[in-house]
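Student: Just so it is clear, I am handing over my_file28.cif, which has mmCIF, C-alpha atoms.
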data_coords
loop_
_atom_site.label_atom_id
_atom_site.label_comp_id
_atom_site.auth_asym_id
_atom_site.auth_seq_id
_atom_site.Cartn_x
_atom_site.Cartn_y
_atom_site.Cartn_z
CA SER V 173 125.08 45.97 -89.80
CA ARG V 174 126.11 48.62 -87.35
CA GLU V 175 126.22 51.25 -90.12
CA ARG V 176 122.41 51.06 -90.11
CA LEU V 177 122.03 51.27 -86.34
CA TYR V 178 122.67 53.89 -83.73
CA PRO V 179 124.48 52.57 -80.64
CA LEU V 180 121.26 53.24 -78.71
CA GLU V 181 119.34 50.91 -81.02
CA ALA V 182 121.95 48.16 -80.70
CA ALA V 183 122.01 48.41 -76.90
CA THR V 184 118.22 48.53 -76.67
CA ALA V 185 117.82 45.47 -78.89
CA LEU V 186 120.36 43.45 -76.89
CA ALA V 187 118.82 44.47 -73.56
CA ALA V 188 115.38 43.37 -74.77
CA ILE V 189 116.73 40.00 -75.95
CA LEU V 190 118.53 39.38 -72.66
CA ARG V 191 115.41 40.27 -70.68
CA GLN V 192 113.41 37.78 -72.68
CA ARG V 193 115.95 35.16 -71.60
CA GLY V 194 115.41 36.00 -67.94
CA LEU V 195 118.50 38.15 -67.37
CA VAL V 196 118.49 41.53 -65.65
CA ALA V 197 119.73 43.90 -68.34
CA MET V 198 119.61 47.68 -68.60
CA VAL V 199 120.78 50.17 -71.18
CA ALA V 200 123.65 52.34 -69.91
CA ASP V 201 125.23 55.58 -71.12
CA GLY V 202 128.74 54.35 -71.90
CA GLY V 203 130.83 57.50 -71.52
CA GLU V 204 134.45 56.74 -72.43
CA PHE V 205 136.62 53.63 -72.68
CA GLU V 206 140.06 53.49 -71.13
CA GLY V 207 142.92 53.57 -73.62
CA GLU V 208 140.83 54.78 -76.56
CA ARG V 209 142.42 57.52 -78.69
CA SER V 210 139.11 59.00 -79.82
CA PRO V 211 135.87 59.58 -77.88
CA ALA V 212 133.22 56.89 -77.94
CA ASP V 213 130.72 59.47 -79.24
CA PRO V 214 132.73 62.15 -81.08
CA SER V 215 129.53 63.93 -82.12
CA GLY V 216 128.46 64.59 -78.52
CA MET V 217 124.84 64.40 -79.74
CA LEU V 218 124.18 60.74 -80.52
CA GLY V 219 125.41 59.20 -77.29
CA TYR V 220 127.18 55.89 -76.86
CA TYR V 221 125.30 53.11 -75.09
CA VAL V 222 126.16 49.70 -73.71
CA VAL V 223 124.23 47.02 -71.83
CA ALA V 224 124.62 46.64 -68.06
CA LEU V 225 124.11 43.12 -66.69
CA PHE V 226 123.07 42.52 -63.08
CA ASP V 227 123.15 39.40 -60.92
CA ASP V 228 119.83 38.61 -59.26
CA GLY V 229 119.28 41.01 -56.39
CA ALA V 230 122.42 43.03 -57.13
CA ASP V 231 122.28 46.82 -56.88
CA ALA V 232 125.23 47.42 -59.22
CA PRO V 233 126.07 45.89 -62.62
CA THR V 234 128.41 42.92 -62.64
CA ARG V 235 129.61 43.63 -66.18
CA TYR V 236 128.92 45.63 -69.33
CA VAL V 237 128.57 44.49 -72.93
CA ASP V 238 129.12 46.78 -75.92
CA PRO V 239 126.98 45.46 -78.81
CA TRP V 240 127.73 48.29 -81.23
CA GLY V 241 131.50 48.44 -80.77
CA GLY V 242 131.94 44.69 -80.27
CA ARG V 243 133.49 44.86 -76.80
CA ALA V 244 132.31 41.67 -75.06
CA ALA V 245 133.50 42.90 -71.66
CA ALA V 246 133.34 46.67 -71.85
CA THR V 247 134.69 48.94 -69.10
CA PRO V 248 133.18 52.36 -69.77
CA ASP V 249 134.07 55.23 -67.48
CA PRO V 250 132.03 57.15 -66.56
CA VAL V 251 128.90 55.04 -66.94
CA ARG V 252 125.29 55.74 -66.04
CA VAL V 253 122.65 53.01 -65.97
CA LEU V 254 119.43 54.35 -67.47
CA ARG V 255 115.82 53.83 -66.50
CA ASP V 256 113.65 52.87 -69.44
CA THR V 257 112.10 56.34 -69.47
CA GLU V 258 115.62 57.75 -69.85
CA VAL V 259 116.18 55.43 -72.81
CA VAL V 260 113.07 56.92 -74.39
CA ALA V 261 114.56 60.37 -73.71
CA ALA V 262 117.76 59.37 -75.51
CA ALA V 263 115.71 58.21 -78.50
CA LEU V 264 113.86 61.53 -78.59
CA GLY V 265 117.22 63.30 -78.54
CA ILE V 266 118.39 61.38 -81.60
CA GLN V 267 115.11 62.16 -83.36
CA ALA V 268 115.55 65.85 -82.55
CA THR V 269 119.11 65.80 -83.91
CA ARG V 270 117.98 64.03 -87.06
CA SER V 271 115.06 66.39 -87.61
CA PHE V 272 117.10 69.54 -87.09
CA SER V 273 120.04 68.29 -89.15
CA SER V 274 117.91 67.47 -92.16
CA SER V 275 115.78 70.63 -92.26
CA GLY V 276 117.13 73.16 -89.77
CA ASN V 277 113.59 73.41 -88.39
CA ALA V 278 113.99 74.34 -84.72
CA GLN V 279 110.22 74.61 -84.29
CA THR V 280 110.05 70.83 -84.68
CA ALA V 281 113.31 69.89 -82.98
CA LEU V 282 113.08 72.08 -79.87
CA PRO V 283 109.86 70.56 -78.47
CA MET V 284 111.33 67.09 -78.98
CA ILE V 285 114.56 67.84 -77.14
CA GLU V 286 112.73 69.70 -74.39
CA THR V 287 110.44 66.70 -73.86
CA ALA V 288 113.53 64.49 -73.70
CA LEU V 289 115.08 66.76 -71.07
CA ARG V 290 111.96 66.53 -68.93
CA LEU V 291 112.49 62.77 -68.90
CA ASP V 292 116.24 62.98 -68.29
CA SER V 293 117.59 66.36 -67.23
CA VAL V 294 121.05 65.06 -66.29
CA SER V 295 122.02 63.63 -69.66
CA PRO V 296 125.13 65.42 -70.99
CA THR V 297 124.22 64.26 -74.51
CA LEU V 298 120.74 65.80 -74.36
CA ARG V 299 122.11 69.01 -72.87
CA SER V 300 124.68 69.26 -75.67
CA THR V 301 122.03 68.62 -78.31
CA HIS V 302 119.81 71.31 -76.79
CA ALA V 303 122.73 73.74 -76.82
CA VAL V 304 123.51 73.14 -80.50
CA ILE V 305 119.89 73.55 -81.58
CA LEU V 306 119.56 76.74 -79.54
CA ALA V 307 122.81 78.15 -80.95
CA GLU V 308 121.86 77.39 -84.54
CA SER V 309 118.45 78.96 -83.91
CA GLY V 310 119.94 82.24 -82.70
CA GLY V 311 119.62 81.63 -78.97
CA LEU V 312 123.33 81.87 -78.19
CA PRO V 313 123.04 83.01 -74.53
CA GLN V 314 120.72 80.10 -73.72
CA ALA V 315 122.95 77.76 -75.71
CA LEU V 316 125.99 78.75 -73.66
CA GLN V 317 124.05 78.08 -70.45
CA GLU V 318 123.06 74.63 -71.67
CA LEU V 319 126.59 73.86 -72.77
CA GLU V 320 127.91 74.89 -69.36
CA ALA V 321 125.44 72.47 -67.78
CA ALA V 322 126.59 69.72 -70.15
CA LEU V 323 130.24 70.40 -69.26
CA GLN V 324 129.44 70.17 -65.57
CA LEU V 325 127.83 66.80 -66.16
CA ARG V 326 130.67 65.48 -68.33
CA ALA V 327 133.66 67.60 -69.35
CA ASP V 328 134.83 65.30 -72.13
CA GLY V 329 136.13 65.82 -75.64
CA PRO V 330 132.81 66.16 -77.48
CA ARG V 331 131.44 68.78 -75.09
CA LYS V 332 134.73 70.69 -75.11
CA LEU V 333 134.68 70.59 -78.91
CA THR V 334 131.15 72.00 -78.96
CA GLN V 335 132.42 74.82 -76.76
CA VAL V 336 135.26 75.39 -79.23
CA GLN V 337 132.80 75.56 -82.12
CA LEU V 338 130.69 78.18 -80.36
CA ILE V 339 133.77 80.30 -79.65
CA LEU V 340 134.90 79.84 -83.25
CA ALA V 341 131.48 80.99 -84.48
CA GLN V 342 131.73 84.07 -82.28
CA GLY V 343 135.20 84.78 -83.68
CA ALA V 344 133.93 84.50 -87.25
CA ALA V 345 131.10 86.91 -86.45
CA MET V 346 133.56 89.40 -84.96
CA GLN V 347 135.83 89.05 -87.98
CA ALA V 348 132.92 89.75 -90.32
CA ALA V 349 132.01 92.81 -88.22
CA GLY V 350 135.55 94.17 -88.42
CA GLN V 351 136.34 93.45 -84.75
CA LEU V 352 139.71 91.99 -85.61
CA ASP V 353 141.24 92.06 -82.13
CA GLY V 354 138.32 90.13 -80.67
CA ALA V 355 138.36 87.68 -83.55
CA GLU V 356 142.09 87.08 -83.14
CA GLU V 357 141.62 86.44 -79.43
CA ALA V 358 138.80 83.98 -80.13
CA PHE V 359 140.86 82.09 -82.72
CA ALA V 360 143.81 81.93 -80.33
CA GLU V 361 141.56 80.52 -77.60
CA THR V 362 140.07 77.89 -79.92
CA ASN V 363 143.55 76.90 -81.09
CA ARG V 364 144.66 76.39 -77.49
CA MET V 365 141.56 74.37 -76.62
CA LEU V 366 141.76 72.23 -79.76
CA THR V 367 145.41 71.48 -79.11
CA GLY V 368 144.47 70.22 -75.64
CA ILE V 369 141.64 68.08 -77.01
CA LEU V 370 143.88 66.50 -79.65
CA GLU V 371 146.62 65.79 -77.13
CA GLU V 372 144.11 63.66 -75.22
CA TRP V 373 142.38 62.15 -78.27
CA PRO V 374 144.83 62.21 -81.21
CA ARG V 375 142.47 60.17 -83.44
CA TYR V 376 139.56 62.54 -82.91
CA GLY V 377 138.64 63.24 -86.54
CA ARG V 378 136.04 65.92 -85.80
CA ALA V 379 138.53 67.90 -83.75
CA HIS V 380 141.09 67.80 -86.58
CA LEU V 381 138.36 68.89 -89.00
CA THR V 382 137.37 71.79 -86.74
CA MET V 383 141.03 72.81 -86.56
CA ALA V 384 141.16 72.80 -90.37
CA THR V 385 138.03 74.97 -90.52
CA MET V 386 139.60 77.43 -88.10
CA TYR V 387 142.79 77.67 -90.15
CA LEU V 388 140.77 78.25 -93.33
CA GLY V 389 138.93 81.06 -91.59
CA ILE V 390 142.17 82.89 -90.88
CA GLY V 391 143.84 82.11 -94.20
CA GLU V 392 146.39 79.57 -92.91
CA LEU V 393 146.04 77.24 -95.90
CA GLU V 394 149.08 75.05 -95.28
CA ARG V 395 148.04 74.31 -91.71
CA ALA V 396 144.48 73.62 -92.89
CA ARG V 397 145.78 71.15 -95.47
CA ILE V 398 147.82 69.28 -92.87
CA GLN V 399 144.77 68.88 -90.66
CA LEU V 400 142.62 67.68 -93.56
CA GLU V 401 145.27 65.13 -94.54
CA THR V 402 145.36 63.95 -90.93
CA VAL V 403 141.61 63.31 -91.01
CA GLU V 404 141.98 61.36 -94.25
CA SER V 405 144.76 59.28 -92.73
CA LEU V 406 142.28 58.14 -90.06
CA GLY V 407 140.21 56.43 -92.76
CA VAL V 408 137.35 58.92 -92.73
CA ASP V 409 135.23 59.40 -95.85
CA SER V 410 132.53 61.85 -94.86
CA PRO V 411 130.50 64.58 -96.58
CA MET V 412 131.86 67.25 -94.27
CA LEU V 413 135.48 66.27 -94.92
CA SER V 414 134.91 66.56 -98.68
CA ALA V 415 133.13 69.89 -98.19
CA VAL V 416 135.94 71.41 -96.15
CA TRP V 417 138.45 70.13 -98.71
CA ALA V 418 136.38 71.98 -101.31
CA GLN V 419 136.64 75.15 -99.23
CA TYR V 420 140.39 74.67 -99.10
CA HIS V 421 140.65 74.30 -102.89
CA VAL V 422 138.57 77.45 -103.44
CA ALA V 423 140.96 79.38 -101.20
CA ALA V 424 143.96 77.82 -102.98
CA ASP V 425 142.53 78.78 -106.42
CA GLU V 426 142.12 75.17 -107.51
CA PRO V 427 138.64 75.20 -109.09
CA SER V 428 138.67 71.70 -110.60
CA ALA V 429 139.61 70.12 -107.28
CA ALA V 430 137.04 72.24 -105.44
CA SER V 431 134.29 71.15 -107.82
CA ALA V 432 135.20 67.47 -107.51
CA ARG V 433 135.35 67.57 -103.72
CA MET V 434 132.06 69.43 -103.39
CA SER V 435 130.32 67.08 -105.81
CA ARG V 436 131.59 64.17 -103.71
CA ALA V 437 130.18 65.74 -100.55
CA ILE V 438 126.75 66.21 -102.12
CA SER V 439 126.72 62.65 -103.48
CA LEU V 440 127.33 61.31 -99.96
CA ASP V 441 124.52 63.33 -98.37
CA PRO V 442 122.18 64.91 -100.95
CA GLU V 443 119.42 65.75 -98.45
CA ASN V 444 121.64 67.88 -96.19
CA TRP V 445 120.56 71.49 -96.66
CA GLN V 446 123.73 72.83 -95.05
CA LEU V 447 125.92 70.98 -97.54
CA GLN V 448 123.74 72.24 -100.38
CA ALA V 449 124.13 75.82 -99.14
CA GLN V 450 127.87 75.38 -98.80
CA ALA V 451 128.01 73.89 -102.30
CA ALA V 452 126.25 76.96 -103.68
CA GLY V 453 128.96 79.17 -102.18
CA VAL V 454 131.77 76.93 -103.42
CA PHE V 455 130.47 76.79 -106.99
CA GLN V 456 129.90 80.53 -106.99
CA GLY V 457 133.44 80.98 -105.68
CA ILE V 458 134.92 79.08 -108.64
CA GLY V 459 132.73 80.88 -111.19
CA ASP V 460 130.28 78.04 -111.92
CA THR V 461 127.17 80.20 -111.60
CA GLU V 462 124.78 77.65 -113.10
CA ARG V 463 125.63 74.95 -110.56
CA ALA V 464 125.69 77.56 -107.79
CA ARG V 465 122.11 78.52 -108.59
CA GLU V 466 121.08 74.84 -108.75
CA ARG V 467 122.51 74.20 -105.28
CA ALA V 468 120.93 77.38 -103.90
CA GLU V 469 117.52 76.38 -105.22
CA ALA V 470 117.98 72.87 -103.79
CA THR V 471 118.77 74.41 -100.40
CA LEU V 472 115.62 76.51 -100.39
CA LYS V 473 113.52 73.45 -101.18
CA LEU V 474 115.00 71.51 -98.25
CA VAL V 475 114.57 74.11 -95.50
CA PRO V 476 111.34 75.23 -93.82
CA GLU V 477 109.63 78.44 -94.87
CA SER V 478 110.99 80.28 -91.82
CA ARG V 479 114.60 79.90 -93.03
CA ARG V 480 114.17 80.73 -96.70
CA ALA V 481 114.31 84.53 -96.50
CA GLN V 482 117.57 84.46 -94.55
CA LEU V 483 119.17 81.97 -96.92
CA ARG V 484 117.95 83.82 -100.01
CA ALA V 485 119.51 87.01 -98.62
CA TYR V 486 122.81 85.15 -98.16
CA PHE V 487 122.68 83.85 -101.74
CA GLU V 488 121.95 87.36 -102.99
CA GLN V 489 124.86 88.69 -100.96
CA ILE V 490 127.34 86.38 -102.70
CA GLY V 491 125.82 87.06 -106.13
CA ILE V 492 123.87 83.86 -106.84
CA PHE V 493 120.50 85.62 -106.89
CA GLY V 494 119.87 89.26 -107.71
CA GLY V 495 122.59 91.82 -108.24
CA GLY V 496 124.93 91.06 -105.36
CA PRO V 497 128.70 90.77 -105.68
CA SER V 498 129.97 87.97 -107.89
CA ALA V 499 133.44 87.72 -106.38
CA ALA V 500 134.42 84.49 -104.70
CA ALA V 501 133.33 84.34 -101.09
CA ALA V 502 136.13 84.00 -98.58
CA PRO V 503 136.15 80.79 -96.52
CA GLY V 504 135.19 82.69 -93.39
CA ASP V 505 132.12 84.13 -95.15
CA LEU V 506 130.61 80.79 -96.12
CA GLU V 507 129.24 79.99 -92.65
CA LEU V 508 130.59 76.46 -92.58
CA PRO V 509 128.16 74.00 -91.04
CA GLU V 510 129.89 72.13 -88.27
CA PRO V 511 130.40 68.35 -88.48
CA THR V 512 127.99 68.07 -85.58
CA LEU V 513 125.08 68.77 -87.88
CA GLY V 514 125.77 66.39 -90.76
CA ALA V 515 122.43 64.78 -91.54
CA PRO V 516 122.40 60.96 -91.63
CA SER V 517 120.60 60.42 -94.94
CA GLY V 518 122.47 57.26 -95.82
CA PRO V 519 125.49 55.07 -95.05
CA ALA V 520 128.79 56.34 -96.41
CA GLU V 521 131.76 54.25 -97.35
CA GLY V 522 135.05 54.26 -95.54
CA ALA V 523 135.84 54.27 -91.87
CA GLN V 524 136.00 51.03 -89.96
CA ASP V 525 136.95 52.47 -86.58
CA PRO V 526 133.65 52.55 -84.60
CA ALA V 527 134.53 55.82 -82.91
CA LEU V 528 135.38 57.51 -86.19
CA MET V 529 132.21 56.22 -87.81
CA LEU V 530 130.15 57.50 -84.93
CA GLY V 531 131.82 60.89 -85.18
CA ASP V 532 130.32 61.35 -88.62
CA PRO V 533 126.53 60.93 -88.44
CA SER V 534 126.38 60.37 -92.20
CA ASN V 535 127.64 56.87 -91.49
CA LEU V 536 124.73 56.15 -89.15
CA ARG V 537 121.09 55.97 -89.99
CA LEU V 538 117.77 54.59 -88.92
CA ARG V 539 116.62 51.62 -90.93
CA GLU V 540 115.12 53.73 -93.71
CA PRO V 541 115.30 57.52 -94.19
CA GLY V 542 111.65 58.10 -93.24
CA GLN V 543 111.44 55.68 -90.33
CA LYS V 544 111.41 56.59 -86.67
CA LEU V 545 113.52 55.02 -83.95
CA GLU V 546 111.54 52.21 -82.37
CA LEU V 547 112.29 51.07 -78.84
CA ASN V 548 110.82 47.90 -77.42
CA LEU V 549 111.78 47.55 -73.78
CA ASP V 550 109.89 45.58 -71.19
CA ASP V 551 108.21 47.52 -68.39
#
Let me see whether you can do it: turn the structure in this file into structure tokens.

Tutor:
Amino acid sequence: SRERLYPLEAATALAAILRQRGLVAMVADGGEFEGERSPADPSGMLGYYVVALFDDGADAPTRYVDPWGGRAAATPDPVRVLRDTEVVAAALGIQATRSFSSSGNAQTALPMIETALRLDSVSPTLRSTHAVILAESGGLPQALQELEAALQLRADGPRKLTQVQLILAQGAAMQAAGQLDGAEEAFAETNRMLTGILEEWPRYGRAHLTMATMYLGIGELERARIQLETVESLGVDSPMLSAVWAQYHVAADEPSAASARMSRAISLDPENWQLQAQAAGVFQGIGDTERARERAEATLKLVPESRRAQLRAYFEQIGIFGGGPSAAAAPGDLELPEPTLGAPSGPAEGAQDPALMLGDPSNLRLREPGQKLELNLDD
């Protein structure tokens, strides 16, 4: 089923089958589809791929087939036919995303994405992935440069949303540092940009979820709730949606609901260290110190050695370890992991809209959690 395949895998498999039957078939970066109300790849990091079919001797494709989304005669725009080496680059990009999402280990993910970029330097998906990994690793200036390059290659919803998330992160940092004017300006800018994105793609679940996160950060609980309900109305059942709902219930002083939502998030994606860290903050915020410590210890087991000191300091700061404050952490202090980085540890239930499923990587996986993406294309 498609829940167990990335679009790249589906397109690669179909291209290989068609080649075996004597047809000229190439994998193509599918871009967008006319009339769709959500991006083909809402994550901006997985890519969306179709198969380009050529007549004998033709220089341009005669038609496209979308094996993952089920479009027999797809009309993606823009579209870029890939060389087989560029397909390998796309696979490396997915592996880098998967590796970094599951462990936060940039030392492993960065060489993978940099190798991919040497094979395909004009891929907007690879550039976006590189930007996210750099930003999460503390290289914000380099991340902004990479994101600017990605936007020049394809200024679509996913890349604009990544830009929003970086600005939102900067605003949260300024708020924490007491730079309230700068934070307010950043939040106003992200609100304007998100409004524009949602006008173009009203079914873009990740954009609604980011809007909810922003409203939580500034204490606008009613607006956050409306955005979260909008995401639910799209049929999404994702770990990150449950986690942000939990944040909302903490802020609204609804501990039972917060606990239930956070437990749901963890059950959907138990190997996601970012969700575990967020769960520790949520449980601490509702006074469940035993479960908070359990989630904090689970987080430290999942991340590489290089991240443990920083995370332990955060847990001490919110009172889980040591003698730090025991008061509930405010939503803006919990360092919400963005939906971009949800680790695909297993298929979740729910969404049937291909674009919405693709926007939540928890609904996509390789065949088994430990397996690598295998590509078998003819020379």

Student: Using all atoms listed in the file, which residues sit within 9 Å of stretch 290-300 of chain V once same-chain residues fewer than 4 positions away are excluded, as a CSV table (one decimal) with C-alpha atoms, keeping the file's coordinate frame?

Tutor:
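The file below, part-v7.csv, is the result:
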chain,number,residue,atom,x,y,z
V,201,ASP,CA,125.2,55.6,-71.1
V,216,GLY,CA,128.5,64.6,-78.5
V,217,MET,CA,124.8,64.4,-79.7
V,218,LEU,CA,124.2,60.7,-80.5
V,219,GLY,CA,125.4,59.2,-77.3
V,257,THR,CA,112.1,56.3,-69.5
V,258,GLU,CA,115.6,57.8,-69.8
V,259,VAL,CA,116.2,55.4,-72.8
V,260,VAL,CA,113.1,56.9,-74.4
V,261,ALA,CA,114.6,60.4,-73.7
V,262,ALA,CA,117.8,59.4,-75.5
V,265,GLY,CA,117.2,63.3,-78.5
V,266,ILE,CA,118.4,61.4,-81.6
V,285,ILE,CA,114.6,67.8,-77.1
V,286,GLU,CA,112.7,69.7,-74.4
V,304,VAL,CA,123.5,73.1,-80.5
V,305,ILE,CA,119.9,73.6,-81.6
V,315,ALA,CA,123.0,77.8,-75.7
V,318,GLU,CA,123.1,74.6,-71.7
V,319,LEU,CA,126.6,73.9,-72.8
V,320,GLU,CA,127.9,74.9,-69.4
V,321,ALA,CA,125.4,72.5,-67.8
V,322,ALA,CA,126.6,69.7,-70.2
V,323,LEU,CA,130.2,70.4,-69.3
V,324,GLN,CA,129.4,70.2,-65.6
V,325,LEU,CA,127.8,66.8,-66.2
V,326,ARG,CA,130.7,65.5,-68.3
V,327,ALA,CA,133.7,67.6,-69.4
V,330,PRO,CA,132.8,66.2,-77.5
V,331,ARG,CA,131.4,68.8,-75.1
V,334,THR,CA,131.2,72.0,-79.0

Student: Which is closest to V:Gly310 among V:Ser405, V:Gln450, V:Gln342, V:Ser431, if we use only C-alpha atoms?

Tutor: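 Going through V:Ser405, V:Gln450, V:Gln342, V:Ser431 one by one, the smallest distance to V:Gly310 is for V:Gln342.
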
Student: From the set V:Ala182, V:Val416, V:Val475, V:Leu483, which residue has the shortest atom-to-atom contact distance to V:Ala429, counting only C-alpha atoms?

Tutor: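 Among V:Ala182, V:Val416, V:Val475, V:Leu483, it is V:Val416 that comes nearest to V:Ala429.
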
Student: What does the distance between atom CA of V:Pro283 and atom CA of V:Leu312 come to in Å, to one decimal place?

Tutor: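 Pair atom CA of V:Pro283 / atom CA of V:Leu312 returns 17.6 Å.
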
Student: Using the chain letters and numbers from the file, give me the residues hit by the PyMOL selection byres ((chain V and resi 427) around 10), as a list in words.

Tutor: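 This file gives the following for the PyMOL selection byres ((chain V and resi 427) around 10): Ala418, His421, Val422, Ala423, Ala424, Asp425, Glu426, Ser428, Ala429, Ala430, Ser431, Ala432, Arg433, Val454, Phe455, Gly457, Ile458, Gly459 and Asp460 of chain V.
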
Student: Any chance you can output those residues with C-alpha atoms as a CSV table (one decimal), in the frame of the given file?

Tutor:
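Below you can see selection-v2.csv, which holds the result:
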chain,number,residue,atom,x,y,z
V,418,ALA,CA,136.4,72.0,-101.3
V,421,HIS,CA,140.6,74.3,-102.9
V,422,VAL,CA,138.6,77.4,-103.4
V,423,ALA,CA,141.0,79.4,-101.2
V,424,ALA,CA,144.0,77.8,-103.0
V,425,ASP,CA,142.5,78.8,-106.4
V,426,GLU,CA,142.1,75.2,-107.5
V,428,SER,CA,138.7,71.7,-110.6
V,429,ALA,CA,139.6,70.1,-107.3
V,430,ALA,CA,137.0,72.2,-105.4
V,431,SER,CA,134.3,71.2,-107.8
V,432,ALA,CA,135.2,67.5,-107.5
V,433,ARG,CA,135.4,67.6,-103.7
V,454,VAL,CA,131.8,76.9,-103.4
V,455,PHE,CA,130.5,76.8,-107.0
V,457,GLY,CA,133.4,81.0,-105.7
V,458,ILE,CA,134.9,79.1,-108.6
V,459,GLY,CA,132.7,80.9,-111.2
V,460,ASP,CA,130.3,78.0,-111.9

Student: Between V:Tyr178, V:Glu372, V:Arg395, V:Leu225, which has the minimum distance to V:Glu206 (counting only C-alpha atoms)?

Tutor: V:Glu372

Student: For atom CA of V:Gly242 and atom CA of V:Ala224, determine how far apart the two atoms are, in Å to one decimal place.

Tutor: 14.4 Å

Student: Which residues, named as in the file, does the PyMOL selection byres ((chain V and resi 380) around 10) pick out? Answer as an MDAnalysis selection string.

Tutor: chainID V and resid 366:367 369:370 374:379 381:386 396 398:403

Student: Kindly give the distance, in Å, that separates atom CA of V:Ser275 and atom CA of V:Asp409, rounded to a single decimal.

Tutor: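 Calculated distance between atom CA of V:Ser275 and atom CA of V:Asp409 is 22.7 Å.
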
Student: Which residues are near V:Pro239? Cut-off 8 Å, only C-alpha atoms, ignore same chain within fewer than 6 positions. Put them as a PyMOL selection string.

Tutor: chain V and resi 179+182-183+186+222-223

Student: Mind telling me what the PyMOL selection byres ((chain V and resi 207) around 12) catches here, as a list in words?

Tutor: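 Expected selection for the PyMOL selection byres ((chain V and resi 207) around 12) here is Glu204, Phe205, Glu206, Glu208, Arg209, Ser210, Pro211, Ala212, Ala246, Thr247, Pro248, Asp249, Glu372, Trp373, Pro374 and Arg375 of chain V.
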
Student: At a cut-off of 12 Å around the point (111.0, 72.7, -80.3) (file coordinates), what residues fall inside when counting only C-alpha atoms? I'd like the answer as an MDAnalysis selection string.

Tutor: chainID V and resid 264:265 267:269 271:272 276:289 301:302 305:306 309

Student: Can I get the selection written as a tab-separated table (two decimals), keeping the file's coordinate frame, with C-alpha atoms?

Tutor:
chain	number	residue	atom	x	y	z
V	264	LEU	CA	113.86	61.53	-78.59
V	265	GLY	CA	117.22	63.30	-78.54
V	267	GLN	CA	115.11	62.16	-83.36
V	268	ALA	CA	115.55	65.85	-82.55
V	269	THR	CA	119.11	65.80	-83.91
V	271	SER	CA	115.06	66.39	-87.61
V	272	PHE	CA	117.10	69.54	-87.09
V	276	GLY	CA	117.13	73.16	-89.77
V	277	ASN	CA	113.59	73.41	-88.39
V	278	ALA	CA	113.99	74.34	-84.72
V	279	GLN	CA	110.22	74.61	-84.29
V	280	THR	CA	110.05	70.83	-84.68
V	281	ALA	CA	113.31	69.89	-82.98
V	282	LEU	CA	113.08	72.08	-79.87
V	283	PRO	CA	109.86	70.56	-78.47
V	284	MET	CA	111.33	67.09	-78.98
V	285	ILE	CA	114.56	67.84	-77.14
V	286	GLU	CA	112.73	69.70	-74.39
V	287	THR	CA	110.44	66.70	-73.86
V	288	ALA	CA	113.53	64.49	-73.70
V	289	LEU	CA	115.08	66.76	-71.07
V	301	THR	CA	122.03	68.62	-78.31
V	302	HIS	CA	119.81	71.31	-76.79
V	305	ILE	CA	119.89	73.55	-81.58
V	306	LEU	CA	119.56	76.74	-79.54
V	309	SER	CA	118.45	78.96	-83.91

Student: Using only C-alpha atoms, find the one residue out of V:Thr184, V:Thr471, V:Gln317, V:Ser410 that sits nearest to V:Asn444.

Tutor: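 Among the listed residues, V:Thr471 lies closest to V:Asn444.
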
Student: How big is the axis-aligned box, and where does its centre sit, when it encloses all atoms of stretch 287-290 of chain V listed in the file and has 5 Å added on every side, reported in Å to one decimal as lines of an AutoDock Vina configuration file?

Tutor:
center_x = 112.8
center_y = 65.6
center_z = -71.4
size_x = 14.6
size_y = 12.3
size_z = 14.9

Student: So which residues fall inside 10 Å of (117.3, 45.6, -77.1) if we count all atoms listed in the file? Mind giving them as number ranges by chain?

Tutor: V: 180-192, 197-199, 223, 239, 547-550

Student: Using only C-alpha atoms, pick whichever of V:Ser274, V:Asp256, V:Met346, V:Glu356 has the shortest atom-to-atom distance to V:Gln448.

Tutor: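 Counting only C-alpha atoms, the residue closest to V:Gln448 is V:Ser274.
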
Student: Here is a test: counting only C-alpha atoms, which residue of V:Gly194, V:Gly229, V:Gly241, V:Pro313 is nearest to V:Asp213?

Tutor: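 Looking at the shortest contact to V:Asp213, the residue is V:Gly241.
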